[in-house]
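Everything on this sheet refers to the single structure shown next.
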Amino acid sequence: MEQEPSPVAQRLTRMTVEILRPVPVGPLALTVETVRPGRRVALLEAAGSIDGVDCLRARGWKSEVPSKPGPELAYPGAIPPLPESGVESAWPGAYLGGYMGEVEWRPTAGSLSEPGPAEVWARPRLPLLEGEETSSFCRVALLADSGSGIGLSVDLEQVFAINVDLTLTLWRELPGEWIFMSSRTAASRAGSGLVETLLGDTGGIGGLALQTMLMSTR
């Protein structure tokens, strides 16, 4: 969606991904189209499929980058400094290879191995696509889906919990290699929940991720 041609300078500011089914480990075919063209804003739609079957669908808004700077309003609250060392653990039963092993995690509050709200600095060890420079939006998107693992306030040995979507909004660029994430969970007895993750860098908070959760007792 970032690479889709625009009539003027635009940046991707919001993306919602609908997770239709589990995404297998294998070649993923991507398509994208502009469904609402425009100079100030444009709406794009993308799909990810394997063997012709969609497993992901997404929509994203691109906004015009103005020639004159707009107003700057800082999100309240301070971000803790980056710790000098990280962790190599997660919740019980978590697979620590693959994605978990290719991201460096440095918690500042809470724990990746225990339920509850948590804060962490993270950075990918690999680019999103081999041979391509990862944009700041893609770097954040690569990490944002981890909010449900970082801040999930339930025991995963007792509760089944999975997100069916991810909505990511970045009101400013987060250009650093390290991304700060502060995640927390709310849920109801009706079997649904929400994970909210604040996203930032050394310059402060600059984005928000939301995940709709399906939750049930095992």
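By convention in this document, the chains of the structure tokens carry letters A, B, ... by their order, each chain's residues are numbered from 1, and ligands are numbered from 1 in the order they are shown.
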
| said: Could you go through range 2-217 of chain A and tell me which residues DSSP, when run on the backbone, assigns to helix (DSSP H, G or I), listing them as a PyMOL selection string? | reply: chain A and resi 98-101+136-144+147-150

Please produce a file of those selected residues containing C-alpha atoms, as a compact mmCIF listing (two decimals), in the first residue's frame.
```
# COMPACT_ATOMS: atom_id res chain seq x y z
CA GLY A 98 10.82 -18.17 14.29
CA TYR A 99 9.29 -14.75 14.97
CA MET A 100 9.96 -14.72 18.72
CA GLY A 101 13.63 -15.44 18.15
CA SER A 136 9.16 2.88 9.57
CA PHE A 137 5.46 1.96 9.14
CA CYS A 138 6.36 -1.61 8.18
CA ARG A 139 8.75 -1.91 11.13
CA VAL A 140 5.98 -0.88 13.53
CA ALA A 141 3.41 -3.11 11.79
CA LEU A 142 5.80 -6.04 12.08
CA LEU A 143 5.82 -5.61 15.87
CA ALA A 144 2.33 -4.24 16.63
CA GLY A 147 0.61 -6.47 21.70
CA SER A 148 -1.71 -9.40 22.48
CA GLY A 149 1.30 -11.40 23.65
CA ILE A 150 2.95 -8.59 25.60
```

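If you measure from each of A:Ile19, A:Val120, A:Ser113, A:Ser135 to Met1 in chain A using only C-alpha atoms, the closest one turns out to be A:Ser135.
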
Who sits within 8 Å of range 64-81 of chain A, only C-alpha atoms, same chain under 6 positions skipped, as a tab-separated table (two decimals) with N, CA and C atoms, in the first residue's frame:
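Writing the result to result-v1.tsv gives the following:
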```
chain	number	residue	atom	x	y	z
A	8	VAL	N	0.18	12.91	-5.21
A	8	VAL	CA	1.03	13.83	-4.44
A	8	VAL	C	1.72	13.02	-3.36
A	9	ALA	N	2.62	13.68	-2.63
A	9	ALA	CA	3.30	12.99	-1.53
A	9	ALA	C	2.28	12.60	-0.45
A	10	GLN	N	2.18	11.32	-0.17
A	10	GLN	CA	1.26	10.82	0.85
A	10	GLN	C	1.98	9.80	1.72
A	11	ARG	N	1.47	9.63	2.94
A	11	ARG	CA	2.01	8.60	3.84
A	11	ARG	C	0.88	7.76	4.39
A	39	ARG	N	-6.27	13.32	-3.54
A	39	ARG	CA	-5.02	14.02	-3.27
A	39	ARG	C	-4.79	14.16	-1.76
A	40	ARG	N	-5.84	14.53	-1.03
A	40	ARG	CA	-5.68	14.70	0.42
A	40	ARG	C	-5.68	13.37	1.15
A	41	VAL	N	-6.61	12.49	0.79
A	41	VAL	CA	-6.66	11.16	1.39
A	41	VAL	C	-6.98	10.15	0.30
A	108	THR	N	10.41	-3.18	30.19
A	108	THR	CA	10.64	-2.14	31.20
A	108	THR	C	9.62	-2.21	32.32
A	180	PHE	N	8.91	1.27	21.16
A	180	PHE	CA	8.37	1.07	22.50
A	180	PHE	C	6.91	0.65	22.39
A	200	GLY	N	5.64	3.88	20.45
A	200	GLY	CA	6.45	5.08	20.44
A	200	GLY	C	7.92	4.80	20.18
A	201	ASP	N	8.72	5.85	20.30
A	201	ASP	CA	10.17	5.75	20.18
A	201	ASP	C	10.78	6.75	21.16
A	202	THR	N	12.04	7.09	21.00
A	202	THR	CA	12.68	8.01	21.93
A	202	THR	C	12.06	9.40	21.88
A	204	GLY	N	8.79	9.92	21.94
A	204	GLY	CA	7.49	9.89	22.58
A	204	GLY	C	6.53	8.95	21.89
A	205	ILE	N	5.28	8.94	22.38
A	205	ILE	CA	4.24	8.10	21.80
A	205	ILE	C	3.84	8.66	20.43
A	206	GLY	N	3.67	7.76	19.45
A	206	GLY	CA	3.31	8.21	18.11
A	206	GLY	C	2.28	7.35	17.41
```

In Å and to one decimal, CA of Leu208 in chain A is distant from CA of Thr167 in chain A by 8.2 Å

### Task
Among the residues of range 161-199 of chain A, find those DSSP assigns to strand (DSSP E) from the backbone and print them as a VMD selection string.
chain A and resid 161 to 163 165 to 170 179 to 187 192 to 199

What's the 12 Å shell around Val53 in chain A, counting only C-alpha atoms, without same-chain residues fewer than 2 positions away, as a compact mmCIF listing (two decimals) with C-alpha atoms, in the first residue's frame?
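Produced file selection39.txt, reproduced below:
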```txt
# COMPACT_ATOMS: atom_id res chain seq x y z
CA LEU A 20 -9.54 -14.59 7.86
CA ARG A 21 -7.74 -17.84 8.68
CA PRO A 22 -4.33 -19.04 9.91
CA VAL A 23 -1.50 -17.89 7.64
CA PRO A 24 0.66 -20.88 6.63
CA LEU A 28 2.21 -15.30 0.14
CA ALA A 29 0.70 -13.59 -2.91
CA LEU A 30 -0.15 -9.91 -2.33
CA ALA A 47 -5.19 -9.04 0.20
CA GLY A 48 -2.77 -11.81 1.06
CA SER A 49 -3.48 -15.26 -0.33
CA ILE A 50 -1.97 -18.72 -0.63
CA ASP A 51 -3.00 -20.97 -3.54
CA CYS A 55 -6.03 -15.49 4.50
CA LEU A 56 -5.63 -11.74 5.11
CA ARG A 57 -7.48 -8.66 3.92
```

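The closest residue to Pro115 in chain A, picked from A:Arg189, A:Arg172, A:Lys62, A:Arg184 and counting only C-alpha atoms, is A:Arg184.
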
Between CA of Ser192 in chain A and CA of Leu168 in chain A, distance in Å (one decimal)
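These two atoms are separated by 19.3 Å.
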
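Within 8 Å of Gly60 in chain A, once only C-alpha atoms are used and residues closer than 4 positions along the same chain are dropped, the contacting residues are Met1, Leu12, Thr13, Arg14, Met15, Thr16, Leu43, Leu44 and Glu45 of chain A.
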
Among A:Ala42, A:Val103, A:Leu156, A:Ile179, Thr217 in chain A is approached most closely, using only C-alpha atoms, by A:Leu156
